[in-house]
>>> print(open('target17.csv').read())   # CSV, C-alpha atoms and all ligand atoms
chain,number,residue,atom,x,y,z
A,1,MET,CA,17.1,-7.2,-13.3
A,2,GLU,CA,13.8,-7.1,-11.4
A,3,ILE,CA,15.5,-5.6,-8.4
A,4,LYS,CA,17.1,-2.8,-10.4
A,5,VAL,CA,13.8,-1.8,-12.0
A,6,LEU,CA,12.1,-1.6,-8.5
A,7,HIS,CA,15.0,0.5,-7.3
A,8,ASN,CA,14.5,3.0,-10.1
A,9,ILE,CA,10.8,3.2,-9.5
A,10,LEU,CA,11.3,3.9,-5.8
A,11,GLU,CA,13.8,6.6,-6.5
A,12,ALA,CA,11.5,8.3,-8.9
A,13,ASN,CA,8.7,7.9,-6.4
A,14,ASP,CA,10.8,9.4,-3.6
A,15,ARG,CA,11.5,12.5,-5.7
A,16,ALA,CA,7.8,12.9,-6.4
A,17,ALA,CA,7.0,12.3,-2.7
A,18,ASP,CA,9.4,15.2,-1.8
A,19,GLU,CA,7.5,17.4,-4.2
A,20,VAL,CA,4.1,16.4,-2.7
A,21,ARG,CA,5.6,17.2,0.8
A,22,ALA,CA,6.6,20.6,-0.4
A,23,THR,CA,3.2,21.3,-2.0
A,24,LEU,CA,1.4,20.3,1.2
A,25,ALA,CA,3.7,22.5,3.3
A,26,GLY,CA,3.1,25.4,1.0
A,27,ALA,CA,-0.7,24.9,1.3
A,28,GLY,CA,-0.5,24.4,5.1
A,29,ALA,CA,-2.3,21.1,4.6
A,30,THR,CA,-1.9,17.8,6.4
A,31,ALA,CA,-2.3,14.5,4.5
A,32,PHE,CA,-3.1,11.1,6.0
A,33,ASN,CA,-2.4,7.9,3.9
A,34,PHE,CA,-4.8,5.2,5.0
A,35,ILE,CA,-3.4,1.7,4.3
A,36,GLY,CA,-5.4,-1.5,5.0
A,37,GLY,CA,-6.5,-4.7,3.4
A,38,PRO,CA,-9.6,-4.9,1.2
A,39,GLY,CA,-12.7,-4.5,3.4
A,40,SER,CA,-10.8,-3.6,6.5
A,41,GLY,CA,-12.9,-0.5,6.9
A,42,LYS,CA,-11.0,2.4,5.4
A,43,THR,CA,-13.9,4.1,3.6
A,44,SER,CA,-16.1,3.5,6.6
A,45,LEU,CA,-13.5,5.2,8.8
A,46,LEU,CA,-13.5,8.2,6.5
A,47,GLU,CA,-17.3,8.3,6.6
A,48,ARG,CA,-17.1,8.5,10.4
A,49,VAL,CA,-14.2,11.0,10.6
A,50,ILE,CA,-15.3,13.6,8.0
A,51,PRO,CA,-18.6,14.6,9.7
A,52,ARG,CA,-16.7,15.0,13.0
A,53,VAL,CA,-14.3,17.6,11.6
A,54,ALA,CA,-16.2,19.2,8.8
A,55,ASP,CA,-17.3,22.2,11.0
A,56,ARG,CA,-13.7,23.1,11.8
A,57,LEU,CA,-11.5,21.8,9.0
A,58,ARG,CA,-11.8,21.7,5.2
A,59,VAL,CA,-11.4,18.2,4.0
A,60,GLY,CA,-10.6,16.7,0.6
A,61,VAL,CA,-10.3,13.0,-0.2
A,62,LEU,CA,-8.2,11.1,-2.7
A,63,GLU,CA,-9.7,7.6,-3.3
A,64,GLY,CA,-7.3,5.0,-4.5
A,65,ASP,CA,-9.0,2.0,-6.1
A,66,ILE,CA,-8.2,-0.6,-8.7
A,67,ALA,CA,-11.3,-0.5,-10.8
A,68,THR,CA,-14.4,1.4,-9.6
A,69,THR,CA,-15.7,4.7,-8.3
A,70,ARG,CA,-17.8,3.1,-5.6
A,71,ASP,CA,-15.8,4.5,-2.7
A,72,ALA,CA,-15.6,8.0,-4.3
A,73,GLU,CA,-19.4,8.0,-4.6
A,74,ARG,CA,-19.7,7.1,-0.8
A,75,ILE,CA,-17.4,10.0,0.0
A,76,ALA,CA,-19.0,12.5,-2.4
A,77,ALA,CA,-22.3,11.8,-0.6
A,78,LEU,CA,-20.8,13.6,2.5
A,79,GLY,CA,-20.4,16.8,0.5
A,80,VAL,CA,-16.6,17.0,0.4
A,81,PRO,CA,-14.4,17.2,-2.7
A,82,VAL,CA,-13.2,13.8,-3.8
A,83,VAL,CA,-11.0,12.6,-6.6
A,84,GLN,CA,-10.9,9.0,-7.6
A,85,LEU,CA,-7.4,7.6,-8.4
A,86,LEU,CA,-7.9,4.5,-10.5
A,87,THR,CA,-4.8,2.4,-10.7
A,88,GLY,CA,-6.1,0.2,-13.5
A,89,GLY,CA,-4.8,-3.0,-11.8
A,90,GLY,CA,-1.9,-1.5,-9.8
A,91,CYS,CA,-1.8,-2.7,-6.2
A,92,HIS,CA,-0.7,0.7,-4.6
A,93,LEU,CA,-0.7,4.4,-5.1
A,94,GLU,CA,2.4,6.3,-6.2
A,95,ALA,CA,3.4,9.9,-5.3
A,96,ALA,CA,3.2,11.3,-8.8
A,97,PHE,CA,-0.4,10.2,-9.1
A,98,VAL,CA,-1.2,11.7,-5.7
A,99,ALA,CA,0.4,15.0,-6.9
A,100,ARG,CA,-2.1,15.1,-9.7
A,101,GLY,CA,-4.9,14.2,-7.3
A,102,LEU,CA,-3.9,17.2,-5.1
A,103,THR,CA,-4.3,19.6,-8.0
A,104,GLU,CA,-7.6,18.1,-9.0
A,105,VAL,CA,-9.1,18.1,-5.5
A,106,GLY,CA,-8.3,21.8,-4.9
A,107,LEU,CA,-5.5,21.6,-2.3
A,108,SER,CA,-5.2,25.4,-1.8
A,109,GLY,CA,-8.6,25.5,0.0
A,110,LEU,CA,-8.0,22.5,2.2
A,111,ASP,CA,-6.7,21.7,5.7
A,112,LEU,CA,-6.8,17.9,5.6
A,113,VAL,CA,-6.3,15.5,2.7
A,114,LEU,CA,-7.4,12.0,3.4
A,115,ILE,CA,-5.9,9.5,1.0
A,116,GLU,CA,-7.4,6.0,0.9
A,117,ASN,CA,-4.8,3.7,-0.6
A,118,VAL,CA,-5.6,0.6,-2.6
A,119,GLY,CA,-6.8,-2.2,-0.4
A,120,ASN,CA,-3.6,-4.1,0.5
A,121,ILE,CA,-1.3,-4.3,3.6
A,122,ALA,CA,1.9,-5.2,1.7
A,123,CYS,CA,2.7,-3.0,-1.4
A,124,PRO,CA,1.4,0.4,-0.4
A,125,ALA,CA,3.7,0.4,2.7
A,126,GLU,CA,6.7,0.6,0.4
A,127,PHE,CA,5.7,3.8,-1.4
A,128,ASP,CA,6.1,7.2,0.2
A,129,LEU,CA,3.3,9.4,-1.1
A,130,GLY,CA,4.7,12.5,0.6
A,131,GLU,CA,1.9,12.2,3.2
A,132,THR,CA,2.2,13.7,6.6
A,133,ALA,CA,1.3,10.5,8.4
A,134,LYS,CA,0.6,6.9,7.4
A,135,VAL,CA,-2.3,5.3,9.2
A,136,GLY,CA,-2.6,1.5,9.2
A,137,VAL,CA,-6.1,0.1,9.3
A,138,LEU,CA,-6.6,-3.5,10.4
A,139,SER,CA,-9.9,-5.1,11.5
A,140,VAL,CA,-10.4,-7.8,14.1
A,141,THR,CA,-11.7,-10.2,11.5
A,142,GLU,CA,-8.3,-10.2,9.8
A,143,GLY,CA,-6.6,-11.9,12.8
A,144,HIS,CA,-4.2,-10.9,15.5
A,145,ASP,CA,-1.2,-12.4,13.7
A,146,LYS,CA,-0.9,-9.8,11.0
A,147,PRO,CA,1.8,-7.5,12.4
A,148,GLY,CA,4.5,-10.1,12.3
A,149,LYS,CA,3.3,-11.4,8.9
A,150,TYR,CA,3.3,-7.9,7.3
A,151,PRO,CA,5.9,-6.1,9.3
A,152,LEU,CA,6.7,-3.2,7.0
A,153,LEU,CA,3.3,-1.6,7.3
A,154,PHE,CA,3.2,-1.9,11.1
A,155,HIS,CA,6.7,-0.7,11.4
A,156,GLU,CA,6.1,2.4,9.2
A,157,VAL,CA,2.8,3.7,10.6
A,158,SER,CA,2.4,6.8,12.6
A,159,ALA,CA,-0.8,5.4,14.0
A,160,LEU,CA,-2.6,2.1,13.9
A,161,VAL,CA,-6.4,1.7,13.8
A,162,LEU,CA,-7.9,-1.6,14.8
A,163,GLY,CA,-11.4,-1.5,13.4
A,164,LYS,CA,-14.6,-3.6,13.9
A,165,ILE,CA,-14.1,-4.1,17.6
A,166,ASP,CA,-17.9,-4.6,17.8
A,167,LEU,CA,-17.1,-8.0,16.3
A,168,LEU,CA,-14.6,-9.0,19.0
A,169,PRO,CA,-17.1,-11.4,20.8
A,170,TYR,CA,-17.6,-13.3,17.6
A,171,THR,CA,-13.9,-13.9,16.8
A,172,ASP,CA,-10.8,-15.5,18.4
A,173,PHE,CA,-8.9,-12.2,18.1
A,174,ASP,CA,-6.3,-12.1,20.9
A,175,MET,CA,-5.8,-8.4,21.8
A,176,GLN,CA,-2.7,-9.1,24.1
A,177,ALA,CA,-1.0,-11.1,21.4
A,178,PHE,CA,-1.8,-8.5,18.8
A,179,GLU,CA,-0.5,-5.6,20.8
A,180,ALA,CA,2.7,-7.5,21.7
A,181,ASP,CA,3.3,-8.3,18.1
A,182,PHE,CA,2.7,-4.7,17.0
A,183,ARG,CA,4.8,-3.2,19.8
A,184,GLY,CA,7.7,-5.4,18.8
A,185,LEU,CA,7.7,-3.6,15.5
A,186,ASN,CA,6.6,-0.1,16.5
A,187,ALA,CA,7.1,1.2,20.1
A,188,LYS,CA,5.5,4.6,19.7
A,189,ALA,CA,2.7,4.9,17.2
A,190,PRO,CA,-0.6,5.4,19.0
A,191,PHE,CA,-3.1,2.5,18.8
A,192,PHE,CA,-6.8,3.2,18.2
A,193,PRO,CA,-9.2,0.3,18.7
A,194,LEU,CA,-12.6,1.5,17.3
A,195,SER,CA,-15.8,0.5,15.6
A,196,CYS,CA,-17.3,2.3,12.7
A,197,ARG,CA,-20.5,0.4,13.3
A,198,THR,CA,-21.1,1.8,16.9
A,199,GLY,CA,-18.8,4.8,16.7
A,200,GLU,CA,-16.9,3.7,19.8
A,201,GLY,CA,-13.3,4.9,19.8
A,202,VAL,CA,-13.6,7.2,16.7
A,203,ALA,CA,-13.4,10.4,18.8
A,204,ALA,CA,-10.0,9.6,20.1
A,205,PHE,CA,-8.7,8.9,16.6
A,206,VAL,CA,-10.1,12.3,15.4
A,207,VAL,CA,-8.4,14.1,18.3
A,208,TRP,CA,-5.1,12.5,17.2
A,209,MET,CA,-5.6,13.6,13.6
A,210,GLU,CA,-6.3,17.2,14.7
A,211,GLN,CA,-3.1,17.1,16.9
A,212,VAL,CA,-1.1,16.0,13.9
A,213,HIS,CA,-2.6,18.8,11.9
A,214,SER,CA,-1.8,21.4,14.5
A,215,ARG,CA,1.6,19.7,15.0
A,216,GLU,CA,0.9,19.2,18.7
A,217,THR,CA,2.0,15.6,18.6
A,218,ASP,CA,5.1,13.7,17.5
A,219,PHE,CA,4.5,11.7,14.4
A,220,GLY,CA,6.0,11.0,11.0
A,221,ARG,CA,7.6,8.8,8.4
A,222,GLY,CA,9.6,5.9,9.9
A,223,TYR,CA,8.0,6.7,13.3
A,224,GLY,CA,8.6,3.0,14.2
A,225,GLN,CA,12.3,3.5,13.9
A,226,GLN,CA,12.6,6.2,16.5
B,1,LIG,N1,-19.3,-4.8,12.0
B,1,LIG,C1,-18.6,-3.8,11.5
B,1,LIG,N2,-18.5,-3.7,10.1
B,1,LIG,C2,-17.7,-2.8,9.6
B,1,LIG,C3,-17.0,-1.8,10.4
B,1,LIG,N3,-16.3,-1.0,9.6
B,1,LIG,C4,-16.6,-1.4,8.3
B,1,LIG,N4,-17.5,-2.4,8.3
B,1,LIG,C5,-18.0,-3.2,7.2
B,1,LIG,O1,-16.9,-3.8,6.5
B,1,LIG,C6,-17.2,-3.8,5.1
B,1,LIG,C7,-16.0,-3.1,4.3
B,1,LIG,O2,-15.9,-1.7,4.8
B,1,LIG,P1,-15.2,-0.6,3.8
B,1,LIG,O3,-15.2,0.6,4.6
B,1,LIG,O4,-15.9,-0.6,2.5
B,1,LIG,O5,-13.7,-1.2,3.7
B,1,LIG,P2,-12.5,-0.7,2.8
B,1,LIG,O6,-11.3,-0.9,3.6
B,1,LIG,O7,-12.8,0.7,2.4
B,1,LIG,O8,-12.6,-1.7,1.6
B,1,LIG,P3,-11.8,-1.5,0.1
B,1,LIG,O9,-11.9,-0.1,-0.3
B,1,LIG,O10,-12.5,-2.5,-0.8
B,1,LIG,O11,-10.4,-1.9,0.4
B,1,LIG,C8,-18.5,-3.0,4.9
B,1,LIG,O12,-19.5,-4.0,4.8
B,1,LIG,C9,-18.6,-2.2,6.2
B,1,LIG,O13,-20.0,-2.0,6.5
B,1,LIG,C10,-17.1,-1.9,11.8
B,1,LIG,O14,-16.5,-1.2,12.6
B,1,LIG,N5,-17.9,-3.0,12.3
B,2,MG,MG,-12.7,1.5,0.5
>>> encode(input="target17.csv", output="C-alpha cells")
Amino acid sequence: MEIKVLHNILEANDRAADEVRATLAGAGATAFNFIGGPGSGKTSLLERVIPRVADRLRVGVLEGDIATTRDAERIAALGVPVVQLLTGGGCHLEAAFVARGLTEVGLSGLDLVLIENVGNIACPAEFDLGETAKVGVLSVTEGHDKPGKYPLLFHEVSALVLGKIDLLPYTDFDMQAFEADFRGLNAKAPFFPLSCRTGEGVAAFVVWMEQVHSRETDFGRGYGQQ
C-alpha cells in the first residue's frame, strides 16, 4: 500500500518536473538544485556564488525550508529575487511547488535559478524538480563515509561540493577514502572542495556553473549512470 502511494506521487512529480524543464527551456534559464544536510553550507554557498555572477547573470533563488524564512532573508540581503518555499514539515521539495516558485520569482527575467532544497541528503534526491543540474553539498564535518551510506544522492549529482575544507585540520576526514567512495558511485561528476569561510575553491565551482548555463560542459540528470 505504502509503495503504491509513493509510486503515484513520483509519477505526478515526474510530470510536473517535465513541465518545469519545458518552462526553463522556454525562458533560456538554468536551474541548480542544491541538496545537502542541515547546516552543510547550502545557503553560505549561495551567498558566495551570487555576488560572483551578479554582474553577468540575472539570478533568482527558491529557498526550500521546513519552517522559517531565515535563509530567504539572508538571500534577500544580497539584492536578488527570492521566494521561500515552506514545506510545513515535508522533508523535500516537489516539482509542482517549484513550478509555482518559478512564477513568483519572475523567471522570464532570469538566467540562473538557484534552488536550495530542504536540508536532507536522503529524500530530496528521489524527487526530480525539473532542474538542469543537481548539486550535492556535503561538508567535511559530516564525515567521509557518507557517499556509501546515502548512495542515491551521490549517484545522481551532476557536481559534488565538499564544503568547510578550512576545518579539515580539526577533523579526521579522509579525503582519499571519500573520493574513492564517491567515485565508486559516480565516475564523472566534477568534485569541488571549497570553503565558504575563506572563499578557497569557490571560483572553480562558479566557472562550472557558468559552463552548465552556456552548455559548454556535459552534465545532467542521472549523470552518474553514464
Ligand atoms: N568553518 C566553516 N563554516 C561554514 C562554512 N560554510 C558554512 N559554514 C557555517 O555552517 C553553518 C551552516 O551554514 P548554512 O549555510 O546555514 O547551512 P545550510 O546547509 O544552508 O543549512 P540548512 O538550510 O539549515 O539546511 C553556519 O554557521 C555557517 O557559517 C565553511 O566553509 N567553513
Ligand atoms: Mg540553508
>>> atom_distance(input="target17.csv", atom1="atom CA of A:Phe154", atom2="atom C3 of ligand LIG 1 (chain B)")
20.2 Å
>>> residues_near_ligand(input="target17.csv", ligand="ligand LIG 1 (chain B)", cutoff="10 Å", atoms="only C-alpha atoms and all ligand atoms", output="number ranges by chain")
A: 34-48, 63-66, 68, 70-72, 74, 116-121, 137-141, 162-168, 193-202
>>> write_last_selection(input="target17.csv", atoms="C-alpha atoms", output="PDB file, in the frame of the given file")
ATOM      1  CA  PHE A  34      -4.800   5.200   5.000  1.00  0.00           C
ATOM      2  CA  ILE A  35      -3.400   1.700   4.300  1.00  0.00           C
ATOM      3  CA  GLY A  36      -5.400  -1.500   5.000  1.00  0.00           C
ATOM      4  CA  GLY A  37      -6.500  -4.700   3.400  1.00  0.00           C
ATOM      5  CA  PRO A  38      -9.600  -4.900   1.200  1.00  0.00           C
ATOM      6  CA  GLY A  39     -12.700  -4.500   3.400  1.00  0.00           C
ATOM      7  CA  SER A  40     -10.800  -3.600   6.500  1.00  0.00           C
ATOM      8  CA  GLY A  41     -12.900  -0.500   6.900  1.00  0.00           C
ATOM      9  CA  LYS A  42     -11.000   2.400   5.400  1.00  0.00           C
ATOM     10  CA  THR A  43     -13.900   4.100   3.600  1.00  0.00           C
ATOM     11  CA  SER A  44     -16.100   3.500   6.600  1.00  0.00           C
ATOM     12  CA  LEU A  45     -13.500   5.200   8.800  1.00  0.00           C
ATOM     13  CA  LEU A  46     -13.500   8.200   6.500  1.00  0.00           C
ATOM     14  CA  GLU A  47     -17.300   8.300   6.600  1.00  0.00           C
ATOM     15  CA  ARG A  48     -17.100   8.500  10.400  1.00  0.00           C
ATOM     16  CA  GLU A  63      -9.700   7.600  -3.300  1.00  0.00           C
ATOM     17  CA  GLY A  64      -7.300   5.000  -4.500  1.00  0.00           C
ATOM     18  CA  ASP A  65      -9.000   2.000  -6.100  1.00  0.00           C
ATOM     19  CA  ILE A  66      -8.200  -0.600  -8.700  1.00  0.00           C
ATOM     20  CA  THR A  68     -14.400   1.400  -9.600  1.00  0.00           C
ATOM     21  CA  ARG A  70     -17.800   3.100  -5.600  1.00  0.00           C
ATOM     22  CA  ASP A  71     -15.800   4.500  -2.700  1.00  0.00           C
ATOM     23  CA  ALA A  72     -15.600   8.000  -4.300  1.00  0.00           C
ATOM     24  CA  ARG A  74     -19.700   7.100  -0.800  1.00  0.00           C
ATOM     25  CA  GLU A 116      -7.400   6.000   0.900  1.00  0.00           C
ATOM     26  CA  ASN A 117      -4.800   3.700  -0.600  1.00  0.00           C
ATOM     27  CA  VAL A 118      -5.600   0.600  -2.600  1.00  0.00           C
ATOM     28  CA  GLY A 119      -6.800  -2.200  -0.400  1.00  0.00           C
ATOM     29  CA  ASN A 120      -3.600  -4.100   0.500  1.00  0.00           C
ATOM     30  CA  ILE A 121      -1.300  -4.300   3.600  1.00  0.00           C
ATOM     31  CA  VAL A 137      -6.100   0.100   9.300  1.00  0.00           C
ATOM     32  CA  LEU A 138      -6.600  -3.500  10.400  1.00  0.00           C
ATOM     33  CA  SER A 139      -9.900  -5.100  11.500  1.00  0.00           C
ATOM     34  CA  VAL A 140     -10.400  -7.800  14.100  1.00  0.00           C
ATOM     35  CA  THR A 141     -11.700 -10.200  11.500  1.00  0.00           C
ATOM     36  CA  LEU A 162      -7.900  -1.600  14.800  1.00  0.00           C
ATOM     37  CA  GLY A 163     -11.400  -1.500  13.400  1.00  0.00           C
ATOM     38  CA  LYS A 164     -14.600  -3.600  13.900  1.00  0.00           C
ATOM     39  CA  ILE A 165     -14.100  -4.100  17.600  1.00  0.00           C
ATOM     40  CA  ASP A 166     -17.900  -4.600  17.800  1.00  0.00           C
ATOM     41  CA  LEU A 167     -17.100  -8.000  16.300  1.00  0.00           C
ATOM     42  CA  LEU A 168     -14.600  -9.000  19.000  1.00  0.00           C
ATOM     43  CA  PRO A 193      -9.200   0.300  18.700  1.00  0.00           C
ATOM     44  CA  LEU A 194     -12.600   1.500  17.300  1.00  0.00           C
ATOM     45  CA  SER A 195     -15.800   0.500  15.600  1.00  0.00           C
ATOM     46  CA  CYS A 196     -17.300   2.300  12.700  1.00  0.00           C
ATOM     47  CA  ARG A 197     -20.500   0.400  13.300  1.00  0.00           C
ATOM     48  CA  THR A 198     -21.100   1.800  16.900  1.00  0.00           C
ATOM     49  CA  GLY A 199     -18.800   4.800  16.700  1.00  0.00           C
ATOM     50  CA  GLU A 200     -16.900   3.700  19.800  1.00  0.00           C
ATOM     51  CA  GLY A 201     -13.300   4.900  19.800  1.00  0.00           C
ATOM     52  CA  VAL A 202     -13.600   7.200  16.700  1.00  0.00           C
TER      53      VAL A 202
END
>>> residues_near_point(input="target17.csv", point="(-7.8, 9.4, 16.3)", cutoff="10 Å", atoms="all atoms listed in the file", output="ChimeraX atom specification")
/A:49,135,159-161,190-194,201-212
>>> residues_near_point(input="target17.csv", point="(7.4, -1.7, 7.1)", cutoff="9 Å", atoms="only C-alpha atoms", output="list in words")
Ala122, Ala125, Glu126, Tyr150, Pro151, Leu152, Leu153, Phe154, His155, Glu156, Val157, Leu185, Gly222 and Gly224 of chain A
>>> closest_residue(input="target17.csv", among="A:Leu107, A:Val98, A:Leu114, A:Ala189", to="A:Asp128", atoms="all atoms listed in the file")
A:Val98
>>> closest_residue(input="target17.csv", among="A:Gln84, A:Asn186, A:Gln176, A:Thr132", to="ligand MG 2 (chain B)", atoms="only C-alpha atoms and all ligand atoms")
A:Gln84
>>> residues_around(input="target17.csv", residues="A:Val83", least_positions_apart="3", cutoff="8 Å", atoms="all atoms listed in the file", output="ChimeraX atom specification")
/A:61-63,72,101,104-105
>>> write_last_selection(input="target17.csv", atoms="C-alpha atoms", output="CSV table (one decimal), keeping the file's coordinate frame")
chain,number,residue,atom,x,y,z
A,61,VAL,CA,-10.3,13.0,-0.2
A,62,LEU,CA,-8.2,11.1,-2.7
A,63,GLU,CA,-9.7,7.6,-3.3
A,72,ALA,CA,-15.6,8.0,-4.3
A,101,GLY,CA,-4.9,14.2,-7.3
A,104,GLU,CA,-7.6,18.1,-9.0
A,105,VAL,CA,-9.1,18.1,-5.5
>>> atom_distance(input="target17.csv", atom1="atom CA of A:Phe127", atom2="atom CA of A:Gly88")
17.3 Å
>>> closest_residue(input="target17.csv", among="A:Leu102, A:Leu57, A:Ile115, A:Ala95", to="ligand MG 2 (chain B)", atoms="all atoms listed in the file")
A:Ile115
>>> atom_distance(input="target17.csv", atom1="atom CA of A:Arg21", atom2="atom CA of A:Gly136")
19.6 Å
>>> closest_residue(input="target17.csv", among="A:Glu73, A:Asp18, A:Val53, A:Pro147", to="ligand MG 2 (chain B)", atoms="only C-alpha atoms and all ligand atoms")
A:Glu73
>>> closest_residue(input="target17.csv", among="A:Gly60, A:Gly26, A:Pro169, A:Gly143", to="A:Ala76", atoms="only C-alpha atoms")
A:Gly60
